[in-house]
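Read the structure below first, then the notes.
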Amino acid sequence: MKNDKINTDGVFQTMMIIWGSLAVSQLFFPVIVFGAKPELFRFDRTPLFGGYAVEIGFLGFVSLVSLVTSFTLRKRFNNQAVATQNVGLVQTAMIFGCAMCEVISLFGIFVAFVFDFQYFFAFSALGIIGTLLHFPRRTDIQAAGYKT
């Protein structure tokens, strides 16, 4: 999307719709788990990680790396968008950032279904927080399209 009279308000509204749908989709993951495995929402006195401390710890580490990568990718794409004056890269930056946060929530579903991990919602919470932090910024669009 090269800048041939870009409508920054239109681009911002499009990004808001995409971001909103990605944020709402994050909220459905715990609902899916509740529908399939409601027993995970009854907290009993089982060991925190059960017998899967290594596996869950590894996925937790990968989730944190994914969160950091989401912000790194967003920054890199935004810098490239400003350098090349390509507003489309700002949208790509937000989508990639939110997708990396969605991976974290998917890990939460994975540990819920495979390992019966009662604290799967920690993964979902991290994914939701990351997605909320990737809220579209009008200033990024304007910086990438200032020559319009």
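How things are named: the first chain in the structure tokens is A, the next is B, and so on; residues count from 1 in each chain; ligands count from 1 in the order shown.
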- [ ] Please give the complete set of residues from region 38-109 of chain A that DSSP, run on the backbone, assigns to helix (DSSP H, G or I), formatted as a PyMOL selection string.
- [x] chain A and resi 38-41+53-84+88-109
Residues of region 86-140 of chain A that approach region 57-61 of chain A to 12 Å or less, counting only C-alpha atoms: could you list each one with the shortest pair of atoms and its distance in Å to one decimal, rows by chain and increasing residue number, as CSV?
```
residue,atom,partner,partner_atom,distance
A:Val103,CA,A:Leu59,CA,10.6
A:Ile104,CA,A:Gly60,CA,8.5
A:Ser105,CA,A:Gly60,CA,10.8
A:Leu106,CA,A:Leu59,CA,10.5
A:Phe107,CA,A:Leu59,CA,6.9
A:Gly108,CA,A:Leu59,CA,8.8
A:Ile109,CA,A:Leu59,CA,11.5
A:Phe110,CA,A:Leu59,CA,9.6
A:Val111,CA,A:Leu59,CA,8.5
A:Phe115,CA,A:Leu59,CA,11.7
A:Phe117,CA,A:Gly57,CA,11.6
A:Tyr119,CA,A:Gly60,CA,11.4
A:Phe120,CA,A:Gly60,CA,10.2
A:Phe121,CA,A:Gly60,CA,11.9
A:Ala122,CA,A:Gly60,CA,9.3
A:Phe123,CA,A:Gly60,CA,7.6
A:Ser124,CA,A:Gly60,CA,11.3
A:Leu126,CA,A:Gly60,CA,10.0
A:Gly127,CA,A:Gly60,CA,11.5
```
Open item on the list: Need to verify the contact set: region 10-21 of chain A, 12 Å, only C-alpha atoms, exclusion of same-chain residues closer than 5 positions in sequence. Can you return it as a PyMOL selection string?
Closed with: chain A and resi 1+3+5+26-28+86-99+101-102+128+130-142+144-145
Same residues, C-alpha atoms, output as a CSV table (one decimal), in the first residue's frame:
```
chain,number,residue,atom,x,y,z
A,1,MET,CA,0.0,0.0,0.0
A,3,ASN,CA,1.2,6.3,-0.3
A,5,LYS,CA,-3.1,10.0,-1.0
A,26,GLN,CA,-8.5,-14.2,22.5
A,27,LEU,CA,-11.4,-14.1,24.9
A,28,PHE,CA,-13.0,-17.2,23.4
A,86,ASN,CA,4.7,2.2,3.2
A,87,VAL,CA,1.6,2.5,5.5
A,88,GLY,CA,0.7,-1.2,4.8
A,89,LEU,CA,3.7,-2.2,6.8
A,90,VAL,CA,2.2,-0.5,9.9
A,91,GLN,CA,-0.9,-2.8,9.5
A,92,THR,CA,1.4,-5.8,9.0
A,93,ALA,CA,3.3,-4.9,12.1
A,94,MET,CA,0.2,-4.9,14.2
A,95,ILE,CA,-1.1,-8.1,12.7
A,96,PHE,CA,2.2,-10.0,13.3
A,97,GLY,CA,2.4,-8.7,16.8
A,98,CYS,CA,-1.1,-9.8,17.6
A,99,ALA,CA,-0.6,-13.2,15.9
A,101,CYS,CA,0.3,-13.1,21.2
A,102,GLU,CA,-2.4,-15.4,19.9
A,128,ILE,CA,-4.7,-11.0,26.0
A,130,GLY,CA,0.0,-8.6,24.8
A,131,THR,CA,-2.8,-8.1,22.3
A,132,LEU,CA,-4.1,-5.2,24.2
A,133,LEU,CA,-0.6,-3.6,24.2
A,134,HIS,CA,-0.6,-3.9,20.4
A,135,PHE,CA,-3.5,-1.4,20.1
A,136,PRO,CA,-3.2,0.5,16.8
A,137,ARG,CA,-1.6,3.9,17.0
A,138,ARG,CA,-2.6,6.7,14.7
A,139,THR,CA,0.9,8.2,15.1
A,140,ASP,CA,2.5,5.1,13.5
A,141,ILE,CA,0.2,5.5,10.5
A,142,GLN,CA,1.0,9.2,10.2
A,144,ALA,CA,4.7,6.2,7.7
A,145,GLY,CA,2.5,8.4,5.5
```
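Going from CA of Ala143 (chain A) to CA of Arg76 (chain A) covers 13.9 Å.
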Task: Å distance separating CA of Thr84 (chain A) from CA of Leu22 (chain A), one decimal place - done: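 Atom-to-atom, CA of Thr84 (chain A) to CA of Leu22 (chain A), that is 26.8 Å.
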Task: Residue with smallest distance to Glu39 (chain A) - pool A:Val54, A:Ile129, A:Ala23, A:Ala112, counting only C-alpha atoms - done: A:Ala112
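Proximity to Val33 (chain A) was assessed for A:Pro47, A:Ala125, A:Phe113, A:Val82 counting only C-alpha atoms; the smallest distance is recorded for A:Phe113.
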Task: Computed interatomic separation between CA of Ser70 (chain A) and CA of Pro30 (chain A) (Å) - done: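 Taking CA of Ser70 (chain A) and CA of Pro30 (chain A), their separation equals 21.7 Å.
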